[in-house]
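What follows is the content of upload_30.pdb, which has PDB, C-alpha atoms:
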```pdb
ATOM      1  CA  MET A1269     118.098 115.396 146.741
ATOM      2  CA  LEU A1270     114.533 114.110 146.674
ATOM      3  CA  SER A1271     112.019 115.401 149.155
ATOM      4  CA  LEU A1272     110.207 112.943 151.386
ATOM      5  CA  SER A1273     107.003 113.447 149.380
ATOM      6  CA  GLN A1274     108.803 112.643 146.130
ATOM      7  CA  VAL A1275     110.264 109.478 147.648
ATOM      8  CA  LYS A1276     106.792 108.426 148.776
ATOM      9  CA  ILE A1277     105.372 109.118 145.343
ATOM     10  CA  ARG A1278     108.047 106.969 143.724
ATOM     11  CA  ALA A1279     107.277 104.159 146.114
ATOM     12  CA  VAL A1280     103.544 104.364 145.496
ATOM     13  CA  LEU A1281     104.001 104.382 141.724
ATOM     14  CA  ALA A1282     106.744 101.792 141.337
ATOM     15  CA  ALA A1283     104.176  99.481 139.776
ATOM     16  CA  CYS A1284     103.919 101.846 136.818
ATOM     17  CA  LEU A1285     107.258 100.507 135.571
ATOM     18  CA  VAL A1286     106.037  96.932 135.331
ATOM     19  CA  GLY A1287     105.916  95.770 131.732
ATOM     20  CA  LEU A1288     107.966  98.624 130.277
ATOM     21  CA  PRO A1289     110.976  97.750 128.090
ATOM     22  CA  PRO A1290     114.245  97.795 130.109
ATOM     23  CA  ALA A1291     115.559 100.983 128.499
ATOM     24  CA  VAL A1292     112.313 102.832 129.104
ATOM     25  CA  ALA A1293     111.956 101.439 132.608
ATOM     26  CA  GLY A1294     115.473 102.571 133.443
ATOM     27  CA  ALA A1295     114.695 106.111 132.366
ATOM     28  CA  ALA A1296     111.349 106.008 134.119
ATOM     29  CA  GLU A1297     113.065 105.334 137.432
ATOM     30  CA  ASP A1298     114.270 108.946 137.347
ATOM     31  CA  ILE A1299     110.862 110.399 136.540
ATOM     32  CA  ILE A1300     109.426 112.639 139.221
ATOM     33  CA  TRP A1301     105.707 112.379 139.885
ATOM     34  CA  ARG A1302     103.453 115.272 140.775
ATOM     35  CA  GLN A1303     100.200 115.233 142.678
ATOM     36  CA  VAL A1304      97.104 116.420 140.821
ATOM     37  CA  GLN A1305      95.440 119.303 142.626
ATOM     38  CA  PRO A1306      92.053 118.306 144.108
ATOM     39  CA  GLU A1307      90.202 121.096 142.286
ATOM     40  CA  ASN A1308      91.449 119.656 138.971
ATOM     41  CA  LEU A1309      90.724 116.018 139.812
ATOM     42  CA  VAL A1310      87.411 114.412 138.809
ATOM     43  CA  PHE A1311      86.134 110.913 139.580
ATOM     44  CA  MET A1312      83.438 109.610 137.245
ATOM     45  CA  GLU A1313      81.706 106.322 138.047
ATOM     46  CA  LEU A1314      80.199 104.395 135.130
ATOM     47  CA  PRO A1315      78.614 100.936 135.087
ATOM     48  CA  GLU A1316      81.906  99.765 133.578
ATOM     49  CA  GLY A1317      84.052 101.234 136.372
ATOM     50  CA  ARG A1318      85.787 104.431 137.493
ATOM     51  CA  VAL A1319      87.308 107.003 135.159
ATOM     52  CA  THR A1320      89.650 109.637 136.598
ATOM     53  CA  LEU A1321      90.100 112.981 134.839
ATOM     54  CA  GLU A1322      92.572 115.815 135.248
ATOM     55  CA  LEU A1323      91.280 119.259 134.257
ATOM     56  CA  ASN A1324      93.431 121.961 132.662
ATOM     57  CA  PRO A1325      92.403 125.505 133.605
ATOM     58  CA  ARG A1326      95.564 126.974 132.059
ATOM     59  CA  PHE A1327      94.413 126.215 128.505
ATOM     60  CA  ALA A1328      90.641 126.384 128.974
ATOM     61  CA  PRO A1329      89.752 128.384 132.110
ATOM     62  CA  GLN A1330      86.125 129.162 131.227
ATOM     63  CA  THR A1331      85.441 125.622 130.054
ATOM     64  CA  VAL A1332      86.910 124.167 133.246
ATOM     65  CA  GLN A1333      84.936 126.630 135.360
ATOM     66  CA  GLN A1334      81.660 125.633 133.705
ATOM     67  CA  PHE A1335      82.477 121.906 133.830
ATOM     68  CA  ARG A1336      83.294 122.139 137.547
ATOM     69  CA  LYS A1337      79.987 123.869 138.228
ATOM     70  CA  LEU A1338      78.045 121.286 136.236
ATOM     71  CA  VAL A1339      79.783 118.506 138.163
ATOM     72  CA  GLN A1340      79.079 120.168 141.513
ATOM     73  CA  ASP A1341      75.440 120.757 140.563
ATOM     74  CA  GLY A1342      75.007 117.063 139.754
ATOM     75  CA  PHE A1343      74.167 117.933 136.155
ATOM     76  CA  TYR A1344      75.799 114.875 134.584
ATOM     77  CA  ARG A1345      74.492 112.326 137.062
ATOM     78  CA  GLY A1346      72.242 109.905 135.177
ATOM     79  CA  LEU A1347      73.134 111.272 131.744
ATOM     80  CA  SER A1348      74.602 108.937 129.163
ATOM     81  CA  PHE A1349      77.338 108.563 126.605
ATOM     82  CA  TYR A1350      74.867 108.780 123.755
ATOM     83  CA  ARG A1351      77.247 109.107 120.796
ATOM     84  CA  VAL A1352      80.106 106.637 120.716
ATOM     85  CA  ILE A1353      82.051 106.008 117.519
ATOM     86  CA  ASP A1354      84.546 103.163 117.588
ATOM     87  CA  GLY A1355      88.067 104.434 116.984
ATOM     88  CA  PHE A1356      87.003 108.068 117.423
ATOM     89  CA  VAL A1357      85.196 109.489 120.486
ATOM     90  CA  ALA A1358      82.790 108.698 123.306
ATOM     91  CA  GLN A1359      80.462 111.692 123.755
ATOM     92  CA  GLY A1360      78.191 112.251 126.729
ATOM     93  CA  GLY A1361      75.889 114.872 128.183
ATOM     94  CA  ASP A1362      72.343 116.111 127.748
ATOM     95  CA  GLY A1363      72.327 116.115 123.956
ATOM     96  CA  SER A1364      72.696 119.886 123.584
ATOM     97  CA  ASP A1365      75.208 119.189 120.819
ATOM     98  CA  LEU A1366      72.307 117.634 118.896
ATOM     99  CA  GLY A1367      70.212 120.775 119.198
ATOM    100  CA  GLU A1368      68.366 119.801 122.368
ATOM    101  CA  LEU A1369      67.097 122.743 124.440
ATOM    102  CA  SER A1370      69.471 123.737 127.236
ATOM    103  CA  LEU A1371      69.491 126.589 129.746
ATOM    104  CA  VAL A1372      73.223 126.220 130.404
ATOM    105  CA  PRO A1373      75.199 129.182 128.998
ATOM    106  CA  LEU A1374      77.422 128.843 125.959
ATOM    107  CA  ILE A1375      81.198 128.891 126.326
ATOM    108  CA  LYS A1376      83.505 131.082 124.271
ATOM    109  CA  ALA A1377      86.045 129.313 122.080
ATOM    110  CA  GLU A1378      89.212 128.350 123.953
ATOM    111  CA  PHE A1379      91.095 126.711 121.120
ATOM    112  CA  GLU A1380      94.565 128.104 121.891
ATOM    113  CA  ILE A1381      96.407 130.470 124.198
ATOM    114  CA  GLU A1382      99.288 132.913 123.913
ATOM    115  CA  LEU A1383     102.772 131.586 124.487
ATOM    116  CA  ALA A1384     104.269 132.798 127.745
ATOM    117  CA  GLU A1385     107.532 132.328 129.613
ATOM    118  CA  ASP A1386     105.788 130.584 132.503
ATOM    119  CA  ILE A1387     104.445 127.792 130.265
ATOM    120  CA  PRO A1388     106.837 124.837 130.715
ATOM    121  CA  PHE A1389     107.093 123.163 127.304
ATOM    122  CA  THR A1390     108.963 119.851 127.060
ATOM    123  CA  LEU A1391     109.762 119.434 123.376
ATOM    124  CA  VAL A1392     108.925 116.127 121.688
ATOM    125  CA  GLN A1393     109.162 116.837 117.962
ATOM    126  CA  LYS A1394     109.786 119.673 115.540
ATOM    127  CA  ASN A1395     108.003 119.894 112.188
ATOM    128  CA  ASP A1396     105.137 117.663 113.244
ATOM    129  CA  LEU A1397     102.517 117.008 110.555
ATOM    130  CA  PHE A1398     100.007 119.259 112.334
ATOM    131  CA  ALA A1399     102.224 121.755 114.144
ATOM    132  CA  THR A1400     105.593 123.459 114.122
ATOM    133  CA  GLU A1401     106.437 121.791 117.435
ATOM    134  CA  THR A1402     104.830 119.240 119.739
ATOM    135  CA  GLY A1403     105.567 118.530 123.370
ATOM    136  CA  PHE A1404     104.118 118.372 126.844
ATOM    137  CA  VAL A1405     102.884 121.120 129.131
ATOM    138  CA  GLU A1406     102.461 119.960 132.719
ATOM    139  CA  GLY A1407     101.623 116.426 131.597
ATOM    140  CA  PHE A1408      99.275 117.372 128.753
ATOM    141  CA  ALA A1409     100.166 116.661 125.124
ATOM    142  CA  ALA A1410     100.433 120.023 123.401
ATOM    143  CA  ALA A1411     101.691 121.829 120.320
ATOM    144  CA  ARG A1412     102.916 125.325 119.629
ATOM    145  CA  ASP A1413     103.687 127.794 116.890
ATOM    146  CA  PRO A1414     106.532 130.057 118.082
ATOM    147  CA  ALA A1415     106.204 132.343 115.054
ATOM    148  CA  GLY A1416     102.495 132.824 115.698
ATOM    149  CA  ASN A1417     103.047 132.972 119.478
ATOM    150  CA  LYS A1418     100.334 130.333 120.129
ATOM    151  CA  THR A1419     100.124 127.016 121.951
ATOM    152  CA  TRP A1420      97.283 124.495 122.281
ATOM    153  CA  LEU A1421      96.409 121.029 123.550
ATOM    154  CA  THR A1422      96.308 118.097 121.137
ATOM    155  CA  HIS A1423      93.740 115.381 120.469
ATOM    156  CA  CYS A1424      95.679 112.401 121.774
ATOM    157  CA  PRO A1425      93.849 109.301 123.067
ATOM    158  CA  GLY A1426      92.277 110.110 126.424
ATOM    159  CA  ALA A1427      91.940 113.830 125.695
ATOM    160  CA  VAL A1428      88.694 115.393 126.948
ATOM    161  CA  ALA A1429      86.982 118.239 125.093
ATOM    162  CA  MET A1430      83.656 120.016 124.860
ATOM    163  CA  ALA A1431      81.507 119.153 121.862
ATOM    164  CA  ARG A1432      79.989 121.995 119.829
ATOM    165  CA  ASN A1433      77.968 122.853 116.758
ATOM    166  CA  ASP A1434      79.365 124.789 113.791
ATOM    167  CA  GLY A1435      79.753 128.016 115.741
ATOM    168  CA  ALA A1436      83.111 128.438 117.472
ATOM    169  CA  ASP A1437      81.371 129.658 120.644
ATOM    170  CA  SER A1438      78.707 126.942 120.756
ATOM    171  CA  SER A1439      80.143 124.601 123.411
ATOM    172  CA  ARG A1440      77.848 124.150 126.381
ATOM    173  CA  THR A1441      77.593 120.864 128.338
ATOM    174  CA  ASP A1442      78.347 117.849 126.167
ATOM    175  CA  PHE A1443      81.889 116.521 126.316
ATOM    176  CA  TYR A1444      83.807 113.754 124.603
ATOM    177  CA  ILE A1445      86.773 111.500 125.274
ATOM    178  CA  VAL A1446      89.094 110.484 122.440
ATOM    179  CA  ILE A1447      89.016 106.671 122.306
ATOM    180  CA  GLY A1448      90.816 105.875 119.053
ATOM    181  CA  GLN A1449      93.616 107.102 116.861
ATOM    182  CA  ALA A1450      94.424 110.730 117.481
ATOM    183  CA  PRO A1451      92.103 112.989 115.401
ATOM    184  CA  ARG A1452      94.692 115.754 115.282
ATOM    185  CA  TYR A1453      92.783 117.593 112.544
ATOM    186  CA  LEU A1454      90.501 118.753 115.371
ATOM    187  CA  ASP A1455      93.363 120.543 117.132
ATOM    188  CA  ARG A1456      92.758 124.303 117.526
ATOM    189  CA  ASN A1457      89.092 123.721 116.725
ATOM    190  CA  MET A1458      87.693 122.423 120.015
ATOM    191  CA  ASN A1459      87.817 123.370 123.690
ATOM    192  CA  LEU A1460      90.195 120.713 125.013
ATOM    193  CA  PHE A1461      90.068 120.974 128.785
ATOM    194  CA  GLY A1462      91.225 117.715 130.346
ATOM    195  CA  ARG A1463      92.495 114.179 129.990
ATOM    196  CA  VAL A1464      91.900 110.713 131.363
ATOM    197  CA  ILE A1465      94.714 109.830 133.767
ATOM    198  CA  GLU A1466      93.306 106.473 134.844
ATOM    199  CA  GLY A1467      90.472 104.330 133.512
ATOM    200  CA  MET A1468      90.903 104.353 129.734
ATOM    201  CA  ASP A1469      90.266 100.613 129.878
ATOM    202  CA  VAL A1470      86.896 101.493 131.408
ATOM    203  CA  VAL A1471      86.138 104.065 128.700
ATOM    204  CA  GLN A1472      86.935 101.497 126.023
ATOM    205  CA  LYS A1473      84.167  99.256 127.394
ATOM    206  CA  ILE A1474      81.447 101.849 126.740
ATOM    207  CA  GLU A1475      78.754 100.669 124.313
ATOM    208  CA  ARG A1476      79.385 101.797 120.725
ATOM    209  CA  GLY A1477      76.861 103.211 118.315
ATOM    210  CA  ARG A1478      76.663 102.377 114.622
ATOM    211  CA  ALA A1479      79.000 104.299 112.345
ATOM    212  CA  ASP A1480      76.259 104.768 109.736
ATOM    213  CA  GLU A1481      74.164 106.493 112.418
ATOM    214  CA  ASN A1482      76.998 108.824 113.459
ATOM    215  CA  GLY A1483      77.547 106.774 116.600
ATOM    216  CA  ILE A1484      74.170 107.680 118.116
ATOM    217  CA  ILE A1485      72.938 104.880 120.380
ATOM    218  CA  ALA A1486      69.258 104.529 119.510
ATOM    219  CA  ASP A1487      68.437 102.137 122.344
ATOM    220  CA  GLU A1488      69.030 104.219 125.476
ATOM    221  CA  THR A1489      68.902 101.111 127.659
ATOM    222  CA  LYS A1490      72.224 100.082 126.122
ATOM    223  CA  SER A1491      74.021 103.382 126.667
ATOM    224  CA  SER A1492      76.490 103.856 129.505
ATOM    225  CA  ARG A1493      75.164 106.289 132.127
ATOM    226  CA  VAL A1494      77.074 108.378 134.641
ATOM    227  CA  ARG A1495      76.343 106.948 138.082
ATOM    228  CA  SER A1496      78.246 109.697 139.842
ATOM    229  CA  ILE A1497      80.801 112.367 139.048
ATOM    230  CA  THR A1498      82.661 114.262 141.758
ATOM    231  CA  LEU A1499      85.411 116.828 142.162
ATOM    232  CA  ALA A1500      88.085 115.575 144.552
ATOM    233  CA  SER A1501      88.047 118.964 146.278
ATOM    234  CA  ASP A1502      84.426 118.312 147.306
ATOM    235  CA  ILE A1503      85.358 115.078 149.082
ATOM    236  CA  PRO A1504      86.467 115.260 152.744
ATOM    237  CA  GLU A1505      90.254 115.046 152.863
ATOM    238  CA  SER A1506      90.145 111.960 155.072
ATOM    239  CA  GLU A1507      88.102 110.120 152.415
ATOM    240  CA  ARG A1508      89.724 111.586 149.323
ATOM    241  CA  LEU A1509      91.722 109.575 146.813
ATOM    242  CA  THR A1510      94.971 111.074 145.544
ATOM    243  CA  ALA A1511      96.209 111.017 141.958
ATOM    244  CA  PHE A1512      99.784 111.195 140.716
ATOM    245  CA  VAL A1513     100.973 111.807 137.162
ATOM    246  CA  MET A1514     104.370 111.979 135.525
ATOM    247  CA  ASP A1515     106.187 115.291 135.780
ATOM    248  CA  THR A1516     106.973 115.975 132.142
ATOM    249  CA  GLU A1517     109.661 118.476 133.107
ATOM    250  CA  SER A1518     111.698 115.861 134.980
ATOM    251  CA  ARG A1519     115.031 114.590 133.699
ATOM    252  CA  GLY A1520     113.770 111.012 133.690
ATOM    253  CA  PHE A1521     110.816 111.889 131.484
ATOM    254  CA  LYS A1522     113.088 113.621 128.989
ATOM    255  CA  HIS A1523     115.353 110.559 128.984
ATOM    256  CA  MET A1524     112.324 108.395 128.256
ATOM    257  CA  LEU A1525     111.490 110.601 125.270
ATOM    258  CA  GLU A1526     115.023 110.148 123.943
ATOM    259  CA  ASP A1527     114.826 106.380 124.389
ATOM    260  CA  ARG A1528     111.618 106.267 122.377
ATOM    261  CA  ARG A1529     112.993 108.571 119.692
ATOM    262  CA  ASN A1530     116.251 106.606 119.342
ATOM    263  CA  ARG A1531     115.189 102.970 119.433
ATOM    264  CA  LYS A1532     118.441 101.113 120.026
ATOM    265  CA  GLN A1533     116.992  97.793 121.168
ATOM    266  CA  LYS A1534     118.191  94.652 119.359
ATOM    267  CA  PHE A1535     114.582  93.928 118.457
ATOM    268  CA  PHE A1536     114.720  96.547 115.684
ATOM    269  CA  HIS A1537     116.506  95.117 112.633
ATOM    270  CA  HIS A1538     115.443  98.137 110.594
ATOM    271  CA  LYS A1539     115.885 101.202 112.763
ATOM    272  CA  PRO A1540     112.864 103.520 112.567
ATOM    273  CA  PRO A1541     113.404 107.222 111.832
ATOM    274  CA  LYS A1542     114.348 109.351 114.828
ATOM    275  CA  VAL A1543     110.936 110.941 115.099
ATOM    276  CA  LEU A1544     108.358 110.732 117.858
ATOM    277  CA  ASP A1545     104.603 111.227 117.783
ATOM    278  CA  VAL A1546     103.476 113.100 120.889
ATOM    279  CA  CYS A1547     100.390 110.886 121.017
ATOM    280  CA  GLN A1548     102.507 107.730 121.205
ATOM    281  CA  VAL A1549     104.207 108.668 124.462
ATOM    282  CA  PRO A1550     102.714 106.567 127.291
ATOM    283  CA  MET A1551     101.353 108.849 130.014
ATOM    284  CA  THR A1552     100.760 106.723 133.077
ATOM    285  CA  GLY A1553      98.984 107.854 136.214
ATOM    286  CA  ARG A1554      97.957 106.288 139.489
ATOM    287  CA  VAL A1555      95.164 106.869 141.963
ATOM    288  CA  THR A1556      95.769 105.858 145.562
ATOM    289  CA  LYS A1557      94.262 106.357 149.005
TER     290      LYS A1557
END
```
As structure tokens, the full file:
Amino acid sequence: MLSLSQVKIRAVLAACLVGLPPAVAGAAEDIIWRQVQPENLVFMELPEGRVTLELNPRFAPQTVQQFRKLVQDGFYRGLSFYRVIDGFVAQGGDGSDLGELSLVPLIKAEFEIELAEDIPFTLVQKNDLFATETGFVEGFAAARDPAGNKTWLTHCPGAVAMARNDGADSSRTDFYIVIGQAPRYLDRNMNLFGRVIEGMDVVQKIERGRADENGIIADETKSSRVRSITLASDIPESERLTAFVMDTESRGFKHMLEDRRNRKQKFFHHKPPKVLDVCQVPMTGRVTK
């Protein structure tokens, strides 16, 4: 039986089903939604609109800790997305990734973690091109290597990671959002620490740089600047927005995966192979008062 909070969450997020194919929508009706914890919820206001992030301290605890502190200190306020490559990433910060002087401490590499029994892994695909297995861990697209006893987050669209130089431990302040096709070759090479749960349409409006200039926006007046960025836990509860995301352990979510893996709709005259790319699974979220 559903709890009252789960019933309320379903009611609030019923609009998420609008526009989904009937088979997927039917499965989605059984998806449970979980509330994002305020300490892992970030609201970033850009000239283009609001972007909502969920942080992941399980996979990148030190990165999340430093990012939270930078947010609380107002570090990012007024800084820009200075390197934006169409179909790749939107990167923002103080330019420390470009060799600019920074007093902020470096972060150790957090590319992967040890597998553990308490890590809930919802399997999507075995023998993925980049990993032995792909799936979801608490809403985040992930991969794992059971033989090597490792698991890591994947570079799906909307993933948020710290930029770095060549050194594995050279992440500091600059972060990027994946805005194009999934650059999975970066998996296990970057500190992935979050994801966009609402506002990817806003991110896609950010001014692009030229590809032949590595995406650097030479005219700073054209770059998108952070107007404000706030942790939900720092907002009074009476004024705080609440975010809900799909519970990837729920029966309905697993049914949705099966529907997408086995495409039985009449539309398909040539049935595609029964494989599923973890980055092609729609991960909807909603922010509400």
Using only C-alpha atoms, determine which residues lie at most 10 Å from Phe1461 (chain A), disregarding the query and same-chain residues fewer than 3 positions distant; provide the list as a ChimeraX atom specification. /A:1322-1332,1335,1378-1379,1408,1421,1427-1430,1443,1458
Between CA of Arg1336 (chain A) and CA of Glu1307 (chain A), what is the distance, to one decimal in Å? 8.4 Å
Excluding region 1506-1523 of chain A and residues on its chain fewer than 2 positions from it, collect all residues at most 8 Å away from it, counting only C-alpha atoms, and give them as a PyMOL selection string. chain A and resi 1277+1295-1304+1306+1309+1388-1390+1404-1407+1465+1500+1503-1504+1525-1527+1551-1557
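Across the structure, CA of Arg1478 (chain A) and CA of Ile1445 (chain A) are spaced 17.3 Å apart.
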Tell me which of A:Ser1348, A:Asn1530, A:Gln1359, A:Ser1364 sits closest to Pro1315 (chain A), counting all atoms listed in the file. A:Ser1348
